[in-house]
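Down below is the structure, laid out as structure tokens.
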Amino acid sequence: MSAKFTWLGHATFWVELDSHRILIDPFLTDNPANPGVKAGDLTPDFILITHGHFDHISDAVSIAARSGAKVISTLEVIHWLNGQGITNTHAQQHGGGFRHEFGHLKLTIAHHGSMLPDGAYGGNPAGLLITTTAGKKVYFAGDTGLFLDMQLYGEEGLDLAFLPIGDNFTMGPGDAFRAVKLLKAKTVIPCHYDTWPPISVDAAAWVSRVNAETSSKAVLIKPGESYTLE
Ligand code: NI
Ligand code: MN
């Protein structure tokens with residue numbers, strides 16, 4: 001198995017999972033944290049979208065239309081994408097799992113909003129729990145506040161978790177630290193911070209605290225950098 005996760009800034013990730021290329025929460029064109037990747041340069045096989053906010057979906061239609069990638073999200077977000085002319089789609093809903101070509105995907109709950117860029121109803125936001133074909137478990141929390149049911153996802157035995165720490169719109173460093181203790185992932189990587197002033201936090205301090213005070217290993221990557229799951 002090979003699983004390489006490249007951070008494209010904010011909550012956007014490019015995932016190379018075995019032979020599959022997966023784009024998560026595409027927000028490139030207006031993303032202040034974008035390390036220099038153009039939406040037009042990405043040709044994924046799959047696009048996974050946690051919720052309808054612009055900073056997670058704004059480049060989805062153009063990339064999906066050009067690449068033909070299969071887009072996977074909640075029923076409401078998929079319904080909206082279908083209305084934008086995107087037809088290669090797969091809708092799921094919270095708690096439901098499905099075995100895709102790249103692995104098994106379950107949508108998890110997330111405490112947040114999901115209104116689409118044009119104001120359309122986006123249903124409830126989600127997180128992503130991916131089980132690779134080799135059995136590795138990777139959790140993208142999406143945009144969310146802290147919730148106790150993270151403990152249930154932790155019981156699945158997480159190898160890697162991506163957590164928002166930027167505060168204001170999602171968990172801040174304090175609650176994200178508590179999330180680490182509920183999730184008990186082997187490795188955690190922070191995201192959704194420093195993109196704009198309201199979500200500017202000291203990520204290095206957060207990583208140090210997690211490494212000093214929990215059994216999880218926190219890894220700090222910069223936009224443009226990658227983490228490879230062994
Ligand atoms: Ni959001
Ligand atoms: Mn967001």
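Ordering of the structure tokens sets the chain letters (A, B, ...); residue numbers start at 1 within each chain; ligands are numbered from 1 in the order shown.
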Got a sec to check which residues lie within 7 Å of ligand 1, using only C-alpha atoms and all ligand atoms, and send them as a VMD selection string? chain A and resid 51 53 55 to 56 112 to 114 143 169
12 Å contact set for Ala11 of chain A, only C-alpha atoms, chain neighbours under 3 positions out, as a ChimeraX atom specification: /A:5-8,14,23-28,31-34,48-51,53-57,127,140-144,162-166,170,189-195,223
Using only C-alpha atoms and all ligand atoms for the distances, tell me which of A:Leu107, A:Leu129, A:Ile22, A:Met115 is nearest to ligand 2. A:Met115
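When only C-alpha atoms are used to compute distances to His94 of chain A, the closest of the residues A:Ser226, A:Leu128, A:Asp18, A:Arg66 turns out to be A:Leu128.
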Using backbone DSSP assignments, extract all strand (DSSP E or B) residues from segment 95-130 of chain A; output them as a list of chain:residue names. A:Gly97, A:Phe98, A:Arg99, A:His100, A:Gly103, A:His104, A:Leu105, A:Lys106, A:Leu107, A:Thr108, A:Ile109, A:Ala126, A:Gly127, A:Leu128, A:Leu129, A:Ile130
For Thr187 of chain A, list every protein, DNA or RNA residue within 10 Å, evaluated using only C-alpha atoms, and leave out those in the same chain fewer than 3 positions away; present the list as a list of chain:residue names.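 Residues meeting the cut-off are A:Val138, A:Leu158, A:Asp159, A:Leu160, A:Ala161, A:Phe162, A:Val180, A:Lys184, A:Asn211, A:Ser215, A:Ser216, A:Lys217, A:Ala218, A:Val219, A:Leu229.
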Contacts of Asp45 of chain A within 7 Å, only C-alpha atoms, excl. fewer than 2 positions in-chain, as a list of chain:residue names: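 What passes the distance filter is A:His20, A:Arg21, A:Ile22, A:Thr43, A:Ala69, A:Lys70.
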Filtering to N, CA and C atoms, could you give me those residues as an mmCIF file, in the first residue's frame?
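Dumped everything to part_13.cif:
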```
data_model
loop_
_atom_site.group_PDB
_atom_site.id
_atom_site.type_symbol
_atom_site.label_atom_id
_atom_site.label_comp_id
_atom_site.auth_asym_id
_atom_site.auth_seq_id
_atom_site.Cartn_x
_atom_site.Cartn_y
_atom_site.Cartn_z
ATOM 1 N N HIS A 20 -4.755 5.457 -7.027
ATOM 2 C CA HIS A 20 -5.849 6.433 -7.123
ATOM 3 C C HIS A 20 -5.409 7.826 -6.679
ATOM 4 N N ARG A 21 -5.947 8.832 -7.359
ATOM 5 C CA ARG A 21 -5.670 10.228 -7.009
ATOM 6 C C ARG A 21 -6.963 10.851 -6.511
ATOM 7 N N ILE A 22 -6.934 11.264 -5.264
ATOM 8 C CA ILE A 22 -8.150 11.760 -4.606
ATOM 9 C C ILE A 22 -7.931 13.195 -4.161
ATOM 10 N N THR A 43 -5.853 16.624 -11.931
ATOM 11 C CA THR A 43 -6.727 15.664 -12.609
ATOM 12 C C THR A 43 -6.937 14.453 -11.699
ATOM 13 N N ALA A 69 -13.747 13.239 -12.823
ATOM 14 C CA ALA A 69 -13.602 12.541 -11.539
ATOM 15 C C ALA A 69 -14.968 12.253 -10.930
ATOM 16 N N LYS A 70 -15.044 11.152 -10.218
ATOM 17 C CA LYS A 70 -16.274 10.852 -9.489
ATOM 18 C C LYS A 70 -16.299 11.693 -8.212
#
```
